[in-house]
Every structure is written in structure tokens, then in C-alpha cells.
file model-v5.cif (mmCIF, C-alpha atoms)
data_entry
#
loop_
_atom_site.label_atom_id
_atom_site.label_comp_id
_atom_site.auth_asym_id
_atom_site.auth_seq_id
_atom_site.Cartn_x
_atom_site.Cartn_y
_atom_site.Cartn_z
CA MET A 16 23.66 -5.52 24.86
CA GLN A 17 20.55 -4.76 22.76
CA MET A 18 21.33 -4.17 19.10
CA GLN A 19 20.39 -0.66 17.97
CA ARG A 20 17.75 -0.55 15.24
CA ARG A 21 18.93 0.96 11.99
CA ILE A 22 17.47 4.38 11.26
CA ASP A 23 18.10 5.99 7.87
CA TRP A 24 17.86 9.77 7.51
CA ALA A 25 17.29 11.05 3.98
CA LYS A 26 16.15 14.26 2.30
CA ILE A 27 12.86 14.91 0.56
CA ASN A 28 13.85 15.77 -3.02
CA LYS A 29 10.42 16.35 -4.57
CA ILE A 30 6.79 16.80 -3.51
CA VAL A 31 4.09 15.83 -5.99
CA GLU A 32 0.51 17.05 -5.53
CA GLU A 33 -1.50 14.08 -6.80
CA THR A 34 -4.84 15.74 -5.95
CA PRO A 35 -5.72 18.74 -3.73
CA GLU A 36 -5.66 16.39 -0.69
CA VAL A 37 -3.06 13.78 -1.70
CA LYS A 38 0.69 14.29 -1.88
CA THR A 39 3.60 12.03 -2.73
CA PHE A 40 6.91 12.77 -1.00
CA LEU A 41 9.89 11.50 -3.01
CA ILE A 42 12.87 10.82 -0.77
CA ASP A 43 16.53 10.20 -1.59
CA VAL A 44 17.53 6.54 -1.31
CA PRO A 45 20.08 6.05 1.50
CA GLU A 46 23.15 3.92 0.83
CA ASP A 47 22.38 0.18 1.16
CA PHE A 48 18.65 0.87 1.58
CA THR A 49 16.68 -1.82 -0.25
CA TRP A 50 13.03 -2.72 -0.61
CA GLU A 51 10.70 -4.69 -2.84
CA GLU A 52 7.22 -4.14 -4.19
CA GLY A 53 4.50 -4.04 -1.55
CA ALA A 54 6.89 -2.73 1.11
CA HIS A 55 6.01 -0.49 4.03
CA THR A 56 8.25 1.54 6.29
CA HIS A 57 8.10 3.64 9.42
CA PHE A 58 8.28 7.26 8.26
CA ALA A 59 9.27 9.69 11.02
CA LEU A 60 9.83 13.43 11.34
CA LYS A 61 12.64 15.31 13.06
CA GLY A 62 12.41 15.10 16.85
CA PHE A 63 10.69 11.73 16.99
CA ASN A 64 13.61 10.15 18.91
CA GLU A 65 14.87 13.07 20.97
CA GLY A 66 13.10 12.24 24.24
CA GLU A 67 13.34 9.30 26.61
CA GLY A 68 11.10 7.30 24.28
CA PRO A 69 9.96 7.74 20.68
CA ASN A 70 7.35 10.42 20.06
CA ARG A 71 4.72 8.34 18.27
CA GLU A 72 2.89 11.49 17.14
CA LEU A 73 5.81 12.05 14.75
CA ILE A 74 5.86 8.49 13.32
CA ARG A 75 3.58 6.83 10.80
CA HIS A 76 3.52 3.36 9.23
CA MET A 77 3.47 4.07 5.47
CA SER A 78 3.54 2.09 2.25
CA ILE A 79 6.32 2.77 -0.24
CA SER A 80 4.61 3.71 -3.49
CA THR A 81 7.65 3.39 -5.78
CA LEU A 82 9.92 0.66 -7.12
CA PRO A 83 13.71 0.86 -6.57
CA ASN A 84 14.28 1.43 -10.31
CA GLU A 85 12.43 4.76 -10.02
CA GLY A 86 15.35 6.12 -7.99
CA ALA A 87 13.39 7.49 -5.03
CA ILE A 88 11.39 6.29 -2.04
CA GLY A 89 7.82 7.42 -2.53
CA ILE A 90 5.45 8.03 0.39
CA THR A 91 1.90 8.89 -0.64
CA THR A 92 -0.67 10.16 1.85
CA ARG A 93 -3.92 12.08 2.12
CA ILE A 94 -3.73 15.36 4.07
CA LYS A 95 -7.12 16.83 4.94
CA GLU A 96 -7.87 20.34 6.18
CA LEU A 97 -8.38 19.03 9.71
CA CYS A 98 -5.56 16.61 10.45
CA SER A 99 -3.08 15.29 12.99
CA GLU A 100 0.09 17.02 14.18
CA PHE A 101 2.08 14.72 11.91
CA LYS A 102 0.15 15.65 8.78
CA SER A 103 0.02 19.32 9.74
CA ILE A 104 3.82 19.28 9.56
CA LEU A 105 3.69 17.51 6.20
CA LYS A 106 1.43 20.28 4.86
CA THR A 107 4.27 22.78 4.98
CA ILE A 108 7.36 20.58 4.94
CA GLU A 109 9.98 21.76 2.46
CA ILE A 110 12.12 20.03 -0.13
CA GLY A 111 15.50 19.28 1.44
CA THR A 112 14.04 18.40 4.85
CA GLU A 113 15.44 15.19 6.33
CA VAL A 114 13.05 12.46 7.42
CA ALA A 115 13.71 9.10 9.05
CA LEU A 116 12.96 5.65 7.67
CA PHE A 117 13.17 2.40 9.64
CA LYS A 118 11.63 -1.08 10.03
CA THR A 119 11.09 -1.50 6.27
CA HIS A 120 9.41 -4.77 5.30
CA SER A 121 7.13 -6.26 2.63
CA ASN A 122 4.09 -8.33 3.56
CA MET A 123 2.60 -8.45 0.09
CA PRO A 124 4.98 -8.89 -2.85
CA LEU A 125 3.62 -9.83 -6.27
CA LYS A 126 2.64 -13.51 -6.19
CA GLU A 127 3.74 -15.01 -9.49
CA GLU A 128 1.86 -18.30 -9.34
CA GLY A 129 0.07 -18.41 -12.69
CA LYS A 130 -3.15 -17.03 -11.17
CA ASN A 131 -5.07 -13.87 -12.00
CA ILE A 132 -4.58 -11.06 -9.47
CA TYR A 133 -7.17 -8.61 -8.17
CA PHE A 134 -6.35 -5.39 -6.30
CA LEU A 135 -9.19 -4.31 -3.99
CA THR A 136 -8.21 -0.90 -2.62
CA ALA A 137 -9.76 2.09 -0.88
CA GLY A 138 -8.60 5.65 -1.51
CA VAL A 139 -4.84 6.17 -1.30
CA GLY A 140 -4.51 2.50 -0.36
CA ILE A 141 -3.89 2.10 -4.07
CA ALA A 142 -0.37 3.48 -3.36
CA THR A 143 0.52 0.14 -1.76
CA VAL A 144 -0.17 -1.83 -4.93
CA ARG A 145 1.25 0.74 -7.38
CA PRO A 146 4.70 -0.93 -7.26
CA LEU A 147 3.10 -4.35 -7.84
CA ALA A 148 1.27 -3.00 -10.88
CA LEU A 149 4.50 -1.47 -12.21
CA LYS A 150 6.44 -4.69 -11.72
CA TYR A 151 3.78 -6.57 -13.66
CA LEU A 152 3.68 -3.97 -16.45
CA GLN A 153 7.48 -3.61 -16.72
CA ASN A 154 8.51 -7.26 -16.57
CA ASP A 155 7.45 -10.66 -17.80
CA THR A 156 5.78 -12.27 -14.81
CA ASN A 157 3.94 -15.51 -14.20
CA VAL A 158 0.67 -13.61 -13.76
CA PRO A 159 -1.97 -14.02 -16.51
CA SER A 160 -3.83 -10.76 -15.74
CA ILE A 161 -4.41 -8.05 -13.15
CA HIS A 162 -7.64 -6.20 -12.40
CA SER A 163 -7.52 -3.16 -10.12
CA LEU A 164 -10.69 -1.97 -8.37
CA ASN A 165 -10.42 1.21 -6.29
CA VAL A 166 -13.13 3.05 -4.33
CA ASP A 167 -12.76 6.71 -3.44
CA SER A 168 -15.78 8.79 -2.47
CA SER A 169 -13.92 11.98 -3.43
CA ALA A 170 -13.76 10.72 -7.03
CA GLN A 171 -10.29 12.34 -7.15
CA TYR A 172 -8.40 9.22 -8.15
CA VAL A 173 -4.62 8.94 -7.95
CA PHE A 174 -2.01 7.24 -10.14
CA THR A 175 -4.34 7.10 -13.14
CA ASP A 176 -1.21 7.08 -15.33
CA VAL A 177 -0.39 3.60 -14.01
CA PHE A 178 -3.89 2.39 -13.26
CA THR A 179 -5.31 2.59 -16.73
CA THR A 180 -6.58 -0.31 -18.80
CA ASN A 181 -3.92 -1.88 -21.00
CA GLU A 182 -5.44 -4.64 -23.10
CA GLU A 183 -2.07 -5.70 -24.53
CA LYS A 184 -0.81 -6.39 -20.98
CA ASN A 185 -4.11 -7.90 -19.73
CA PHE A 186 -4.28 -5.13 -17.15
CA THR A 187 -7.62 -3.50 -16.34
CA ALA A 188 -8.31 -0.60 -14.00
CA GLN A 189 -11.65 0.39 -12.55
CA TYR A 190 -12.64 3.19 -10.17
CA VAL A 191 -15.92 3.63 -8.30
CA ASN A 192 -17.00 6.31 -5.83
CA SER A 193 -19.24 4.36 -3.45
CA ARG A 194 -18.89 1.28 -1.26
CA ASP A 195 -22.13 -0.18 -2.66
CA ALA A 196 -20.75 -0.02 -6.20
CA PHE A 197 -17.45 -1.43 -4.97
CA TYR A 198 -18.93 -4.49 -3.26
CA ALA A 199 -21.19 -5.16 -6.24
CA GLU A 200 -18.07 -5.25 -8.44
CA VAL A 201 -16.16 -7.45 -5.97
CA THR A 202 -19.06 -9.91 -6.05
CA ARG A 203 -19.02 -9.93 -9.85
CA LEU A 204 -15.25 -10.47 -9.95
CA VAL A 205 -15.20 -13.32 -7.46
CA GLN A 206 -18.15 -15.09 -9.08
CA ALA A 207 -16.11 -15.10 -12.29
CA ASP A 208 -12.85 -16.22 -10.67
CA LYS A 209 -12.77 -18.02 -7.33
CA ASP A 210 -9.17 -19.14 -7.92
CA GLY A 211 -7.58 -15.70 -8.21
CA ILE A 212 -5.35 -13.94 -5.68
CA TYR A 213 -6.98 -10.97 -3.95
CA TYR A 214 -4.91 -8.11 -2.49
CA ILE A 215 -6.93 -5.99 -0.05
CA VAL A 216 -5.71 -2.56 1.11
CA GLY A 217 -7.65 -0.07 3.20
CA SER A 218 -8.91 0.52 6.73
CA ASN A 219 -9.28 -2.38 9.15
CA ASP A 220 -13.06 -2.38 8.64
CA PHE A 221 -12.54 -2.39 4.87
CA LEU A 222 -10.26 -5.43 5.19
CA LYS A 223 -12.73 -7.33 7.36
CA GLU A 224 -15.69 -6.57 5.09
CA ASN A 225 -13.83 -7.75 1.99
CA ILE A 226 -12.47 -10.87 3.67
CA ALA A 227 -16.02 -11.80 4.73
CA LEU A 228 -17.37 -11.17 1.23
CA LEU A 229 -14.65 -13.22 -0.45
CA ARG A 230 -15.13 -16.08 1.99
CA GLU A 231 -18.87 -15.99 1.38
CA HIS A 232 -18.15 -16.71 -2.28
CA GLY A 233 -15.69 -19.52 -1.63
CA VAL A 234 -12.29 -17.80 -1.78
CA GLU A 235 -9.75 -19.49 0.48
CA THR A 236 -7.81 -17.51 3.09
CA SER A 237 -4.56 -18.53 1.38
CA GLN A 238 -5.68 -16.54 -1.69
CA MET A 239 -5.99 -13.25 0.22
CA MET A 240 -3.13 -10.81 0.80
CA ILE A 241 -3.23 -7.98 3.36
CA ASP A 242 -0.50 -5.61 4.54
CA LYS A 243 -0.27 -6.93 8.10
CA ARG A 244 2.49 -8.66 10.06
CA ALA A 245 1.94 -12.21 11.29
CA SER A 246 1.06 -11.09 14.82
CA PHE A 247 -2.00 -9.20 13.51
CA LEU A 248 -3.36 -11.78 11.07
CA GLU A 249 -5.59 -13.58 13.58
CA GLU A 250 -7.59 -10.38 14.08
CA PHE A 251 -8.61 -10.51 10.42
CA PHE A 252 -8.59 -14.21 9.56
CA GLY A 253 -9.31 -15.87 12.91
CA ALA A 254 -8.12 -19.47 13.14
CA GLU A 255 -7.53 -19.44 9.38
CA ALA A 256 -4.60 -17.04 9.91
CA ALA A 257 -2.35 -20.10 10.00
CA ASN A 258 -3.07 -20.58 6.29
CA VAL A 259 -1.70 -17.16 5.31
CA GLU A 260 1.78 -17.10 3.79
CA VAL A 261 4.00 -14.65 5.65
CA LYS A 262 7.36 -13.40 4.39
#

call {"tool": "encode", "arguments": {"input": "model-v5.cif", "output": "C-alpha cells"}}
result
Amino acid sequence: MQMQRRIDWAKINKIVEETPEVKTFLIDVPEDFTWEEGAHTHFALKGFNEGEGPNRELIRHMSISTLPNEGAIGITTRIKELCSEFKSILKTIEIGTEVALFKTHSNMPLKEEGKNIYFLTAGVGIATVRPLALKYLQNDTNVPSIHSLNVDSSAQYVFTDVFTTNEEKNFTAQYVNSRDAFYAEVTRLVQADKDGIYYIVGSNDFLKENIALLREHGVETSQMMIDKRASFLEEFFGAEAANVEVK
């Protein structure tokens, strides 16, 4: 007999408008539901499992933008005027609505190895590393410093309360609104520190472009972190995928 996958249903308890196009949905934490920084989950709407097979139009793979000590599961996403069926529902979804969470896993926890960390993120991809930044800022960790670099052409940046420079904590935050400015800054960062750990979060093309740029400047594959399961790593790292640490 095939074991049934656990599906947790929980209510949305708050909706935060981060910008006119970006919302964070704060969801009650189900009993025995656990996660760590850098986690993602499958976030599904009512009706996704009512047919013979799952309705994939009602399911999305989402990062969890909160830490457990914040008391809620945060899902942050951009919802544009023209959008999918899934996001059209999210536009008008109400507090108290139940949503489903399943297949929760972390591919990119905070690596506490005595090396500087760099977050290279695009748009709301910064939501993935928000919990890592909070863990670093809230606790003593074996990380000398963190630098966050985010590109968003809308210039409507999110989580600026967390991603703000804190000299006392050796935490710096930088935002740019063009890819050219972003890659110029990545080049400057990697020329100054080839031994750091680089977390990359964005579209598949964004990942590939950054991986190529980092490699060009001598950064090893083992120093790069992306939010992908082991079965997808070869697409981004080629034969070097074997050198990537997978949890």
C-alpha cells in the first residue's frame, strides 16, 4: 500500500500588502508542522485535490518567508494585474480561508562555516533568504558577515525593515533596479571575496547567469547555494552538480 502524503490545512490569519504588487499571506501553524530557514513548501488552494489527479493550476511551489519563532507561516508573492488563475484567486482571498501545505523542505539553510555570506536575489526572491537574514541577526552564528544584493526593476523593494545595513552586526543591504547594475556589483563582490558562500535566488535564467559569472571569477560550485532539489542540480551546475551539498 502506498503511504499517503501528509497534507496540512490551515487558515490565513493575516494578509500584508508589502507593495502594491506584493503580498505576504500569514498562515496559522498546524500542529507538529516544522520548518527551518530557507524552506519551501507546496502551497495549494481549495479544490486542488478534488479530482482524479491534483489540479496543478491550484498549486504553487513557494518559499516560506518567516522563521518558526514568528508564529506564522509566511508566503510572499508578487501578484500582477494580468496573472494566472492561482494568483487571481489570491487577489481576493479572505482572512480565515483554509489553504493546504505539503512537501515542505529546505535546500538552503544558513551555512555556518566561518565564511562571509552573500545573498544574490531578484525581486521577491529575497523572501527566500529573509529567514536566513533573521537567523543571523537574532542569534550568534559562525558567519563573519552577510551582504544582501537585490535587483528589482520596479524599485518597490520588500522587507526593507530586515534588509537594512547594520554595521554592529556586519550586515549590509543593497538594492539596485537594473540587471547591469546588479552584475557589476556581483563582479565587485566576488573580486573582493572568492571564498564566500553565495546564495542565488530568482528565475532559472537568473540562476544560470549568476552561476556562470561566479565561476568566471573562480568561485567553486560547492560555494553556491540554490533552492533546487538534487534531481534538478545538473541542469544548473552540469557535471559539477556532484559537488553541491544537498540536505

call {"tool": "atom_distance", "arguments": {"input": "model-v5.cif", "atom1": "atom CA of Ala137 of chain A", "atom2": "atom CA of Arg93 of chain A"}}
result
12.0 Å

call {"tool": "closest_atom_pairs", "arguments": {"input": "model-v5.cif", "of": "segment 192-261 of chain A", "to": "segment 39-60 of chain A", "cutoff": "10 Å", "atoms": "all atoms listed in the file", "output": "JSON lines"}}
result
{"residue": "A:Ile241", "atom": "CA", "partner": "A:Gly53", "partner_atom": "CA", "distance": 10.0}
{"residue": "A:Asp242", "atom": "CA", "partner": "A:Gly53", "partner_atom": "CA", "distance": 8.0}
{"residue": "A:Lys243", "atom": "CA", "partner": "A:His55", "partner_atom": "CA", "distance": 9.9}

call {"tool": "write_last_selection", "arguments": {"input": "model-v5.cif", "atoms": "C-alpha atoms", "output": "mmCIF file, in the coordinates of the input"}}
result
data_model
loop_
_atom_site.group_PDB
_atom_site.id
_atom_site.type_symbol
_atom_site.label_atom_id
_atom_site.label_comp_id
_atom_site.auth_asym_id
_atom_site.auth_seq_id
_atom_site.Cartn_x
_atom_site.Cartn_y
_atom_site.Cartn_z
ATOM 1 C CA ILE A 241 -3.230 -7.980 3.360
ATOM 2 C CA ASP A 242 -0.500 -5.610 4.540
ATOM 3 C CA LYS A 243 -0.270 -6.930 8.100
#

call {"tool": "atom_distance", "arguments": {"input": "model-v5.cif", "atom1": "atom CA of Ala170 of chain A", "atom2": "atom CA of Gly89 of chain A"}}
result
22.3 Å

call {"tool": "closest_residue", "arguments": {"input": "model-v5.cif", "among": "A:Met123, A:Ala115, A:Ile79, A:Val139", "to": "Arg244 of chain A", "atoms": "all atoms listed in the file"}}
result
A:Met123

call {"tool": "residues_near_point", "arguments": {"input": "model-v5.cif", "point": "(10.2, 25.1, -2.1)", "cutoff": "12 Å", "atoms": "only C-alpha atoms", "output": "PyMOL selection string"}}
result
chain A and resi 27-31+107-112
